[in-house]
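K.L.:
My structure is stored as final-v2.cif, with mmCIF, C-alpha atoms.
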data_model
loop_
_atom_site.label_atom_id
_atom_site.label_comp_id
_atom_site.auth_asym_id
_atom_site.auth_seq_id
_atom_site.Cartn_x
_atom_site.Cartn_y
_atom_site.Cartn_z
CA MET A 1 8.58 -36.74 -29.56
CA PRO A 2 11.07 -33.96 -28.64
CA ALA A 3 10.43 -32.04 -25.45
CA LEU A 4 8.86 -28.59 -25.77
CA LYS A 5 11.56 -25.91 -25.78
CA ARG A 6 11.20 -23.67 -22.74
CA LYS A 7 11.42 -19.90 -23.03
CA LYS A 8 14.44 -18.50 -21.20
CA VAL A 9 13.38 -15.62 -18.97
CA LEU A 10 15.55 -13.32 -16.85
CA LEU A 11 13.98 -11.88 -13.68
CA MET A 12 15.83 -8.70 -12.68
CA ILE A 13 13.90 -8.19 -9.46
CA GLU A 14 15.38 -7.26 -6.11
CA THR A 15 15.18 -9.83 -3.35
CA SER A 16 16.37 -7.31 -0.74
CA LEU A 17 12.90 -5.72 -0.38
CA ASN A 18 9.59 -7.34 0.52
CA PHE A 19 7.93 -5.73 -2.53
CA GLY A 20 10.29 -7.49 -4.91
CA ARG A 21 9.87 -10.83 -3.14
CA GLU A 22 6.08 -10.50 -3.38
CA VAL A 23 6.35 -9.72 -7.11
CA LEU A 24 8.34 -12.94 -7.49
CA ARG A 25 5.60 -14.84 -5.68
CA GLY A 26 3.08 -13.49 -8.17
CA ILE A 27 5.26 -14.64 -11.07
CA SER A 28 5.54 -18.03 -9.40
CA GLN A 29 1.75 -18.26 -9.17
CA TYR A 30 1.55 -17.74 -12.93
CA LEU A 31 4.21 -20.35 -13.65
CA ILE A 32 2.47 -22.96 -11.48
CA SER A 33 -0.25 -23.16 -14.13
CA GLN A 34 2.08 -22.78 -17.12
CA ARG A 35 5.43 -24.50 -16.41
CA HIS A 36 7.03 -23.60 -19.72
CA TRP A 37 9.76 -21.12 -18.75
CA SER A 38 13.37 -21.66 -17.84
CA VAL A 39 13.85 -18.90 -15.24
CA TRP A 40 17.06 -17.17 -14.21
CA LEU A 41 16.72 -14.99 -11.11
CA ASP A 42 19.33 -12.26 -10.92
CA MET A 43 19.80 -11.90 -7.15
CA ARG A 44 20.16 -8.17 -6.59
CA GLU A 45 19.26 -5.00 -4.76
CA LEU A 46 16.90 -2.42 -6.21
CA MET A 47 18.59 -0.22 -8.83
CA ALA A 48 21.66 -2.47 -9.12
CA GLU A 49 23.49 -2.28 -12.44
CA PRO A 50 22.60 -4.87 -15.12
CA PRO A 51 24.78 -8.01 -14.99
CA SER A 52 27.83 -7.84 -17.24
CA TRP A 53 26.90 -11.07 -19.01
CA LEU A 54 23.53 -9.73 -20.23
CA LYS A 55 24.97 -8.42 -23.51
CA ALA A 56 25.87 -11.96 -24.56
CA TRP A 57 22.82 -13.67 -23.07
CA ASP A 58 20.77 -15.81 -25.47
CA GLY A 59 17.37 -15.46 -23.84
CA ASP A 60 13.76 -14.86 -24.77
CA GLY A 61 12.44 -12.25 -22.34
CA VAL A 62 13.02 -10.08 -19.28
CA ILE A 63 10.95 -8.82 -16.36
CA THR A 64 12.80 -6.01 -14.60
CA ARG A 65 12.56 -3.68 -11.62
CA SER A 66 15.76 -1.92 -12.73
CA ALA A 67 14.76 -0.17 -15.95
CA THR A 68 17.61 2.34 -16.10
CA PRO A 69 18.11 4.22 -19.39
CA GLU A 70 21.19 2.08 -20.07
CA LEU A 71 19.28 -1.17 -19.55
CA VAL A 72 16.38 -0.05 -21.75
CA ALA A 73 18.79 0.86 -24.54
CA LEU A 74 20.47 -2.54 -24.25
CA LEU A 75 17.17 -4.44 -24.32
CA ARG A 76 16.12 -2.55 -27.46
CA LYS A 77 19.46 -3.30 -29.10
CA MET A 78 19.06 -6.99 -28.25
CA LYS A 79 15.39 -6.88 -29.40
CA LEU A 80 14.37 -8.70 -26.23
CA PRO A 81 10.71 -8.59 -25.11
CA ALA A 82 10.67 -6.98 -21.67
CA VAL A 83 8.21 -5.79 -19.03
CA ASN A 84 9.11 -2.95 -16.69
CA LEU A 85 7.84 -3.00 -13.09
CA THR A 86 9.26 0.25 -11.71
CA ASP A 87 8.69 3.94 -12.38
CA VAL A 88 11.76 5.18 -10.52
CA HIS A 89 12.92 6.79 -13.77
CA GLY A 90 9.45 7.52 -15.16
CA ASN A 91 8.13 5.94 -18.36
CA ARG A 92 10.94 4.42 -20.43
CA ASP A 93 8.62 3.27 -23.22
CA LEU A 94 8.66 -0.39 -22.24
CA PRO A 95 5.40 -2.24 -21.57
CA HIS A 96 4.92 -1.76 -17.88
CA LEU A 97 2.87 -2.57 -14.81
CA TRP A 98 3.02 -0.12 -11.93
CA VAL A 99 1.28 0.53 -8.68
CA ASP A 100 -1.42 3.17 -9.18
CA GLN A 101 0.54 5.79 -7.27
CA ALA A 102 -2.20 8.43 -7.41
CA GLN A 103 -4.65 6.03 -5.75
CA VAL A 104 -2.03 5.22 -3.10
CA GLY A 105 -1.83 8.91 -2.21
CA GLN A 106 -5.61 9.29 -2.24
CA LEU A 107 -6.05 6.29 0.05
CA ALA A 108 -3.47 7.69 2.48
CA ALA A 109 -5.24 11.06 2.55
CA GLN A 110 -8.59 9.38 3.15
CA HIS A 111 -7.14 7.40 6.06
CA LEU A 112 -5.83 10.53 7.76
CA LEU A 113 -8.92 12.59 6.97
CA GLU A 114 -11.10 9.89 8.54
CA ARG A 115 -9.13 10.47 11.73
CA GLY A 116 -10.03 14.14 11.70
CA PHE A 117 -6.70 15.70 10.80
CA LYS A 118 -6.66 19.25 9.48
CA HIS A 119 -2.88 19.60 9.10
CA PHE A 120 -0.81 17.30 6.90
CA GLY A 121 2.72 16.53 5.85
CA TYR A 122 4.38 14.44 3.15
CA CYS A 123 7.84 12.90 3.56
CA GLY A 124 9.27 11.53 0.33
CA PHE A 125 12.27 10.88 -1.87
CA GLY A 126 12.58 13.79 -4.29
CA ASN A 127 14.67 11.86 -6.83
CA HIS A 128 12.05 9.13 -7.41
CA ASP A 129 9.12 9.56 -9.79
CA TRP A 130 6.86 7.18 -7.84
CA SER A 131 7.30 9.28 -4.70
CA ARG A 132 6.32 12.44 -6.56
CA LYS A 133 3.21 10.74 -7.92
CA ARG A 134 2.18 9.52 -4.48
CA HIS A 135 2.62 13.08 -3.19
CA ALA A 136 0.47 14.45 -6.02
CA GLY A 137 -2.30 11.93 -5.28
CA PHE A 138 -2.10 12.74 -1.58
CA VAL A 139 -2.46 16.51 -1.87
CA ALA A 140 -5.13 16.20 -4.57
CA ALA A 141 -7.34 14.33 -2.09
CA LEU A 142 -6.99 16.97 0.63
CA PRO A 143 -9.66 19.67 1.01
CA ASN A 144 -6.91 22.29 0.68
CA PRO A 145 -3.55 21.27 -0.86
CA ALA A 146 -1.93 24.23 0.91
CA GLN A 147 -2.53 22.33 4.17
CA CYS A 148 0.32 19.94 3.29
CA SER A 149 3.96 20.65 4.19
CA VAL A 150 6.63 18.65 2.33
CA PHE A 151 10.03 17.22 3.27
CA GLU A 152 12.09 15.50 0.57
CA SER A 153 15.62 14.24 0.17
CA ASP A 154 17.40 11.72 -2.07
CA TRP A 155 17.22 8.01 -1.26
CA SER A 156 21.02 7.89 -1.23
CA SER A 157 21.10 10.38 1.67
CA THR A 158 19.73 7.68 3.98
CA ALA A 159 23.14 5.99 3.96
CA SER A 160 25.99 6.83 6.33
CA PRO A 161 27.50 9.42 6.82
CA THR A 162 24.61 11.64 5.66
CA TRP A 163 22.02 9.73 7.72
CA GLU A 164 22.53 11.82 10.85
CA GLU A 165 22.43 15.05 8.84
CA GLN A 166 19.18 14.02 7.20
CA GLN A 167 17.57 13.03 10.49
CA SER A 168 18.56 16.38 11.98
CA ALA A 169 16.87 18.18 9.05
CA LEU A 170 13.84 15.92 9.37
CA ILE A 171 13.52 16.74 13.09
CA THR A 172 13.67 20.46 12.33
CA TRP A 173 10.86 20.03 9.79
CA LEU A 174 8.69 18.00 12.17
CA GLN A 175 9.11 20.54 14.95
CA SER A 176 7.96 23.31 12.60
CA LEU A 177 4.60 21.65 11.82
CA PRO A 178 1.31 22.60 13.47
CA ARG A 179 0.04 19.77 15.65
CA PRO A 180 -1.75 17.42 15.63
CA VAL A 181 -0.59 16.55 12.11
CA GLY A 182 -1.01 13.51 9.88
CA ILE A 183 2.03 12.58 7.79
CA MET A 184 2.17 10.34 4.75
CA ALA A 185 5.58 8.76 4.21
CA CYS A 186 6.24 7.68 0.62
CA ASN A 187 7.04 4.11 1.75
CA ASP A 188 7.55 2.12 4.94
CA LEU A 189 11.29 2.80 5.04
CA ARG A 190 10.54 6.52 4.95
CA GLY A 191 7.91 6.02 7.65
CA GLN A 192 10.55 4.44 9.86
CA HIS A 193 12.74 7.51 9.30
CA VAL A 194 9.90 9.78 10.46
CA LEU A 195 9.19 7.68 13.54
CA ASP A 196 12.88 7.64 14.46
CA ALA A 197 13.00 11.44 14.15
CA CYS A 198 9.87 11.76 16.31
CA ARG A 199 11.47 9.63 19.02
CA ARG A 200 14.66 11.67 18.96
CA ALA A 201 12.68 14.91 19.20
CA ASP A 202 10.36 13.56 21.91
CA LEU A 203 7.29 14.09 19.72
CA ALA A 204 4.37 11.87 20.73
CA VAL A 205 3.15 9.37 18.11
CA PRO A 206 0.29 9.23 17.30
CA GLU A 207 -1.05 11.92 19.65
CA GLU A 208 0.99 14.79 18.15
CA ILE A 209 2.15 13.25 14.88
CA ALA A 210 0.41 10.34 13.13
CA VAL A 211 2.52 8.52 10.53
CA LEU A 212 1.37 6.38 7.60
CA GLY A 213 3.72 4.44 5.31
CA VAL A 214 3.20 2.53 2.05
CA ASP A 215 3.85 -1.11 1.00
CA ASN A 216 2.83 -2.84 4.26
CA ASP A 217 6.22 -4.49 4.66
CA GLU A 218 5.31 -6.28 7.88
CA LEU A 219 8.92 -6.71 9.00
CA ILE A 220 9.60 -2.96 8.81
CA CYS A 221 6.17 -1.95 10.13
CA ASP A 222 6.34 -4.20 13.18
CA LEU A 223 9.93 -3.21 13.97
CA CYS A 224 8.91 0.45 14.15
CA ASP A 225 8.11 2.02 17.50
CA PRO A 226 5.17 2.37 17.54
CA PRO A 227 4.18 -0.14 14.80
CA LEU A 228 3.65 1.66 11.50
CA SER A 229 0.31 1.88 9.70
CA SER A 230 0.70 1.35 5.96
CA VAL A 231 -1.11 1.42 2.63
CA ILE A 232 -1.36 -2.13 1.27
CA VAL A 233 -0.29 -2.37 -2.37
CA ASN A 234 -0.61 -5.52 -4.47
CA PRO A 235 2.80 -6.70 -5.73
CA ARG A 236 1.66 -10.31 -6.19
CA LYS A 237 -0.94 -9.20 -8.70
CA ILE A 238 1.72 -7.10 -10.43
CA GLY A 239 3.98 -10.14 -10.70
CA PHE A 240 1.21 -12.40 -12.00
CA GLU A 241 0.06 -9.96 -14.66
CA ALA A 242 3.65 -9.11 -15.65
CA ALA A 243 4.33 -12.79 -16.33
CA GLN A 244 1.16 -13.03 -18.36
CA MET A 245 2.11 -9.92 -20.35
CA LEU A 246 5.64 -11.18 -21.07
CA ASP A 247 4.24 -14.53 -22.17
CA GLN A 248 2.11 -12.74 -24.75
CA LEU A 249 5.03 -10.61 -25.95
CA MET A 250 7.33 -13.61 -26.36
CA ASN A 251 4.65 -15.42 -28.37
CA ASP A 252 3.83 -12.40 -30.56
CA VAL A 253 0.36 -12.06 -29.06
CA ALA A 254 -0.99 -8.51 -28.99
CA ILE A 255 -1.33 -7.10 -25.47
CA GLU A 256 -4.36 -5.03 -24.49
CA SER A 257 -2.34 -2.16 -23.06
CA ARG A 258 1.32 -1.19 -22.69
CA GLU A 259 0.54 0.46 -19.35
CA VAL A 260 -1.33 -1.30 -16.54
CA LEU A 261 -1.87 0.36 -13.16
CA ILE A 262 -2.64 -1.90 -10.21
CA PRO A 263 -4.69 -0.19 -7.44
CA PRO A 264 -3.83 -0.52 -3.76
CA ILE A 265 -5.89 -2.86 -1.58
CA GLY A 266 -6.48 -0.73 1.50
CA VAL A 267 -4.76 0.45 4.68
CA ARG A 268 -3.40 -1.74 7.46
CA ALA A 269 -3.93 0.41 10.52
CA ARG A 270 -1.44 0.03 13.34
CA GLN A 271 -0.59 2.13 16.36
CA SER A 272 1.13 4.98 14.46
CA THR A 273 -2.27 6.30 13.27
CA ASP A 274 -4.41 4.97 16.11
CA VAL A 275 -5.68 8.40 17.05
CA LEU A 276 -8.58 10.71 16.32
CA ALA A 277 -7.79 14.36 15.71
CA ILE A 278 -11.18 15.60 16.83
CA ASP A 279 -11.52 18.48 19.23
CA HIS A 280 -14.61 17.03 20.93
CA ALA A 281 -13.78 14.64 23.76
CA ASP A 282 -17.10 12.73 23.70
CA VAL A 283 -16.95 12.09 19.95
CA ALA A 284 -13.31 11.00 20.18
CA ALA A 285 -14.18 8.62 23.02
CA ALA A 286 -17.13 7.16 21.08
CA LEU A 287 -14.99 6.61 17.99
CA ARG A 288 -12.35 4.85 20.03
CA MET A 289 -15.02 2.53 21.45
CA ILE A 290 -16.27 1.79 17.93
CA ARG A 291 -12.78 1.07 16.67
CA GLU A 292 -12.08 -1.28 19.56
CA GLN A 293 -15.48 -2.98 19.88
CA ALA A 294 -17.36 -2.79 16.55
CA CYS A 295 -16.24 -6.28 15.57
CA ALA A 296 -17.33 -7.61 18.96
CA GLY A 297 -20.94 -6.73 18.18
CA LEU A 298 -21.15 -3.18 19.56
CA SER A 299 -24.61 -1.65 19.02
CA VAL A 300 -25.70 1.98 19.05
CA PRO A 301 -27.71 1.54 22.31
CA GLN A 302 -24.59 0.10 23.97
CA LEU A 303 -22.56 3.01 22.63
CA VAL A 304 -25.10 5.47 24.03
CA ARG A 305 -24.89 3.88 27.47
CA LYS A 306 -21.09 3.87 27.49
CA THR A 307 -20.76 7.48 26.39
CA LYS A 308 -23.53 8.63 28.79
CA LEU A 309 -24.93 10.88 26.05
CA SER A 310 -28.49 10.80 24.80
CA ARG A 311 -28.95 9.10 21.46
CA SER A 312 -30.11 12.33 19.81
CA VAL A 313 -27.04 14.23 21.02
CA LEU A 314 -24.71 11.41 19.89
CA GLU A 315 -26.37 11.31 16.46
CA ARG A 316 -26.08 15.09 16.09
CA LEU A 317 -22.42 15.14 17.09
CA PHE A 318 -21.51 12.32 14.70
CA ARG A 319 -23.21 14.04 11.80
CA LYS A 320 -21.43 17.29 12.67
CA TYR A 321 -17.95 15.79 12.88
CA LEU A 322 -18.16 12.72 10.62
CA ARG A 323 -21.15 13.49 8.37
CA HIS A 324 -22.75 10.13 9.07
CA SER A 325 -24.46 8.29 11.91
CA PRO A 326 -22.94 6.16 14.70
CA GLN A 327 -24.50 3.07 13.09
CA GLN A 328 -22.80 3.85 9.79
CA GLU A 329 -19.47 4.28 11.57
CA ILE A 330 -19.89 0.87 13.25
CA ARG A 331 -20.70 -0.73 9.90
CA LEU A 332 -17.76 0.96 8.13
CA THR A 333 -15.40 -0.27 10.84
CA GLN A 334 -16.71 -3.82 10.52
CA LEU A 335 -16.44 -3.84 6.73
CA LYS A 336 -12.93 -2.43 6.84
CA ARG A 337 -11.87 -5.39 8.98
CA VAL A 338 -13.76 -7.81 6.73
CA LYS A 339 -11.80 -6.52 3.72
CA GLU A 340 -8.50 -6.94 5.56
CA LEU A 341 -9.33 -10.55 6.48
CA LEU A 342 -10.47 -11.37 2.94
CA VAL A 343 -7.16 -10.19 1.53
CA GLU A 344 -4.67 -11.16 4.23
CA THR A 345 -6.06 -14.58 5.23
CA ASP A 346 -7.66 -17.66 3.74
CA LEU A 347 -10.34 -17.81 6.43
CA PRO A 348 -13.76 -18.99 5.22
CA LEU A 349 -16.51 -16.40 5.17
CA ALA A 350 -18.31 -17.94 8.15
CA GLU A 351 -15.25 -17.40 10.37
CA ILE A 352 -14.77 -13.87 9.07
CA ALA A 353 -18.42 -13.07 9.82
CA ASN A 354 -18.09 -14.46 13.34
CA SER A 355 -14.93 -12.46 14.07
CA THR A 356 -16.28 -9.15 12.74
CA GLY A 357 -19.62 -8.93 14.53
CA PHE A 358 -21.95 -10.40 11.91
CA ARG A 359 -24.22 -13.17 13.13
CA HIS A 360 -24.28 -15.07 9.85
CA SER A 361 -22.13 -15.17 6.72
CA GLU A 362 -25.28 -14.73 4.63
CA TYR A 363 -26.03 -11.42 6.31
CA LEU A 364 -22.41 -10.32 5.89
CA SER A 365 -22.67 -11.06 2.16
CA VAL A 366 -25.85 -8.99 1.85
CA VAL A 367 -24.33 -6.00 3.67
CA PHE A 368 -21.02 -6.27 1.80
CA LYS A 369 -22.75 -6.38 -1.60
CA ARG A 370 -25.04 -3.49 -0.66
CA GLU A 371 -22.19 -1.25 0.50
CA LEU A 372 -19.43 -2.20 -1.98
CA GLY A 373 -21.34 -3.45 -5.02
CA ILE A 374 -19.60 -6.85 -5.14
CA THR A 375 -19.71 -10.04 -3.07
CA PRO A 376 -16.98 -10.91 -0.55
CA GLY A 377 -15.78 -13.70 -2.83
CA GLU A 378 -15.51 -11.36 -5.81
CA TYR A 379 -13.61 -8.83 -3.69
CA ARG A 380 -11.16 -11.47 -2.45
CA ARG A 381 -10.45 -12.68 -5.98
CA SER A 382 -10.10 -9.17 -7.44
CA VAL A 383 -7.58 -7.82 -4.93
CA ALA A 384 -5.70 -10.86 -3.72
CA GLY A 385 -4.46 -11.94 -7.14
CA LYS A 386 -6.20 -15.32 -6.87
CA LEU A 387 -7.02 -15.51 -10.55
#
Kindly return the structure encoded in the file as structure tokens.

P.N.:
Amino acid sequence: MPALKRKKVLLMIETSLNFGREVLRGISQYLISQRHWSVWLDMRELMAEPPSWLKAWDGDGVITRSATPELVALLRKMKLPAVNLTDVHGNRDLPHLWVDQAQVGQLAAQHLLERGFKHFGYCGFGNHDWSRKRHAGFVAALPNPAQCSVFESDWSSTASPTWEEQQSALITWLQSLPRPVGIMACNDLRGQHVLDACRRADLAVPEEIAVLGVDNDELICDLCDPPLSSVIVNPRKIGFEAAQMLDQLMNDVAIESREVLIPPIGVRARQSTDVLAIDHADVAAALRMIREQACAGLSVPQLVRKTKLSRSVLERLFRKYLRHSPQQEIRLTQLKRVKELLVETDLPLAEIANSTGFRHSEYLSVVFKRELGITPGEYRRSVAGKL
């Protein structure tokens, strides 16, 4: 019996960025269960030109993060099924999976609002559609969009010799902002630019300027000084679902939608946003204690003793500044850490419960389901791409 002919698939996905490598891991997860593709990985940087040999390539399908107008026209001419994974150029009428950029911006705004900021900034790349969409989502989630100042330049301006010129302009912008200010950078690379400019201008981070990136590229985030907080997107899920979509296209199976938006997972808080922009010293001190000790079993009576405020005064102040009680803030802090551990580790629920201040995994499950509407296991499967 002849061997089953494998589909020949070209992966035009950058390996120079963590996002692209994570997309490839998602595709690999799909292929582990399928094993019927012959894959060619075009080693490249983001936005590199299509390989010269593509015009003569006798393949069956393409997954690309470089959907330039020229490439889209070529794929149509070749009548090759293709899935697009980038919105740098906007919608090019290929089936596509993208990060839900509006939700990324909303999540970033929520993170900074939770820290009490009243002044905001957005630092993006003006020549990229995804950056503009993240900006739109960010300002839409603010109480007053006019509160947000914007700095944009082209991605290409980050290369020498214009790098120093751009950083000088960025410093001028940062110095013009009211402080304290919370800044969303369109991605982690842009966040590193902002932190570098703050250091050069002797602006304190996070006390004067808090900075939040996007993509949670741990290498970039941990190299920053201070380490960069970042919105966690889900490129593995994008890769998995892109492979599934291309499989359907190559086998003439109707796909449910030509546009799929993958929501972000959450925010990985690091030192660059480890601050509370609240003009009440006692509330700020209490919130810092909660952030540092909630997962060690901190209770409201313990918090009252440490702040040396009466419980009624503490409750009133929390409702004034945060619109919820100290107990709710403790629980929110615990659950935020639970969600991070569910997504970023394979720890069993019992260990997660023990490390986040819950006495038993059963109680954690009850609280998690009550607050989020799904069980911890369902949450882990839905956001971690473990399908």

K.L.:
Quick one: residues within 8 Å of (7.5, 7.4, -1.8) (file frame), counting all atoms listed in the file, please, as number ranges by chain.

P.N.:
A: 123-125, 128, 130-132, 134-135, 185-187, 190, 214

K.L.:
Take the selection from the previous step and output its residues with C-alpha atoms, as an mmCIF file, in the coordinates of the input.

P.N.:
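Output contents, as saved in out_9.cif:
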data_model
loop_
_atom_site.group_PDB
_atom_site.id
_atom_site.type_symbol
_atom_site.label_atom_id
_atom_site.label_comp_id
_atom_site.auth_asym_id
_atom_site.auth_seq_id
_atom_site.Cartn_x
_atom_site.Cartn_y
_atom_site.Cartn_z
ATOM 1 C CA CYS A 123 7.840 12.900 3.560
ATOM 2 C CA GLY A 124 9.270 11.530 0.330
ATOM 3 C CA PHE A 125 12.270 10.880 -1.870
ATOM 4 C CA HIS A 128 12.050 9.130 -7.410
ATOM 5 C CA TRP A 130 6.860 7.180 -7.840
ATOM 6 C CA SER A 131 7.300 9.280 -4.700
ATOM 7 C CA ARG A 132 6.320 12.440 -6.560
ATOM 8 C CA ARG A 134 2.180 9.520 -4.480
ATOM 9 C CA HIS A 135 2.620 13.080 -3.190
ATOM 10 C CA ALA A 185 5.580 8.760 4.210
ATOM 11 C CA CYS A 186 6.240 7.680 0.620
ATOM 12 C CA ASN A 187 7.040 4.110 1.750
ATOM 13 C CA ARG A 190 10.540 6.520 4.950
ATOM 14 C CA VAL A 214 3.200 2.530 2.050
#

K.L.:
As a list in words, please: the residues near stretch 310-319 of chain A (cut-off 10 Å, all atoms listed in the file, same-chain neighbours under 2 positions excluded).

P.N.:
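The neighbour list is His280, Asp282, Val283, Ala284, Ala286, Leu287, Val300, Pro301, Leu303, Val304, Arg305, Thr307, Lys308, Tyr321, Leu322, Arg323, His324, Ser325, Pro326, Gln327, Gln328 and Glu329 of chain A.
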
K.L.:
Between atom CA of A:Leu223 and atom CA of A:Asp196, measure the distance and give it in Å to one decimal.

P.N.:
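Pair atom CA of A:Leu223 / atom CA of A:Asp196 returns 11.3 Å.
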
K.L.:
Any chance you could resolve the PyMOL selection byres ((chain A and resi 362-368) around 12) against this file and give the residues as number ranges by chain?

P.N.:
A: 328, 331-332, 334-339, 342, 349-361, 369-380

K.L.:
Excluding A:Ala141 and its own-chain neighbours fewer than 6 positions away, which residues fall within 10 Å of it when counting all atoms listed in the file? Please give them as number ranges by chain.

P.N.:
A: 102-103, 105-110, 113

K.L.:
Give me stretch 294-307 of chain A with N, CA, C and O atoms filled in, as a short mmCIF file (atom, residue, chain, number, x, y, z; two decimals), keeping the file's coordinate frame.

P.N.:
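See selection_12.cif below for the written result:
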data_model
loop_
_atom_site.label_atom_id
_atom_site.label_comp_id
_atom_site.auth_asym_id
_atom_site.auth_seq_id
_atom_site.Cartn_x
_atom_site.Cartn_y
_atom_site.Cartn_z
N ALA A 294 -16.38 -2.58 17.62
CA ALA A 294 -17.36 -2.79 16.55
C ALA A 294 -17.42 -4.25 16.12
O ALA A 294 -18.51 -4.79 15.90
N CYS A 295 -16.28 -4.89 16.03
CA CYS A 295 -16.24 -6.28 15.57
C CYS A 295 -16.60 -7.27 16.66
O CYS A 295 -16.66 -8.48 16.42
N ALA A 296 -16.85 -6.76 17.86
CA ALA A 296 -17.33 -7.61 18.96
C ALA A 296 -18.84 -7.47 19.12
O ALA A 296 -19.40 -7.94 20.12
N GLY A 297 -19.48 -6.83 18.17
CA GLY A 297 -20.94 -6.73 18.18
C GLY A 297 -21.49 -5.48 18.83
O GLY A 297 -22.65 -5.46 19.25
N LEU A 298 -20.70 -4.43 18.94
CA LEU A 298 -21.15 -3.18 19.56
C LEU A 298 -22.38 -2.63 18.83
O LEU A 298 -22.40 -2.55 17.60
N SER A 299 -23.40 -2.25 19.58
CA SER A 299 -24.61 -1.65 19.02
C SER A 299 -24.68 -0.19 19.40
O SER A 299 -24.00 0.27 20.33
N VAL A 300 -25.54 0.57 18.73
CA VAL A 300 -25.70 1.98 19.05
C VAL A 300 -26.25 2.17 20.47
O VAL A 300 -25.75 3.03 21.22
N PRO A 301 -27.26 1.40 20.92
CA PRO A 301 -27.71 1.54 22.31
C PRO A 301 -26.59 1.31 23.33
O PRO A 301 -26.50 2.03 24.34
N GLN A 302 -25.72 0.32 23.07
CA GLN A 302 -24.59 0.10 23.97
C GLN A 302 -23.64 1.29 23.95
O GLN A 302 -23.13 1.71 24.99
N LEU A 303 -23.43 1.85 22.77
CA LEU A 303 -22.56 3.01 22.63
C LEU A 303 -23.13 4.20 23.40
O LEU A 303 -22.39 4.93 24.08
N VAL A 304 -24.44 4.37 23.31
CA VAL A 304 -25.10 5.47 24.03
C VAL A 304 -24.89 5.33 25.53
O VAL A 304 -24.55 6.30 26.23
N ARG A 305 -25.06 4.11 26.03
CA ARG A 305 -24.89 3.88 27.47
C ARG A 305 -23.46 4.14 27.92
O ARG A 305 -23.22 4.72 28.98
N LYS A 306 -22.49 3.72 27.10
CA LYS A 306 -21.09 3.87 27.49
C LYS A 306 -20.62 5.31 27.42
O LYS A 306 -19.76 5.72 28.20
N THR A 307 -21.16 6.08 26.49
CA THR A 307 -20.76 7.48 26.39
C THR A 307 -21.53 8.38 27.35
O THR A 307 -21.13 9.52 27.58
#
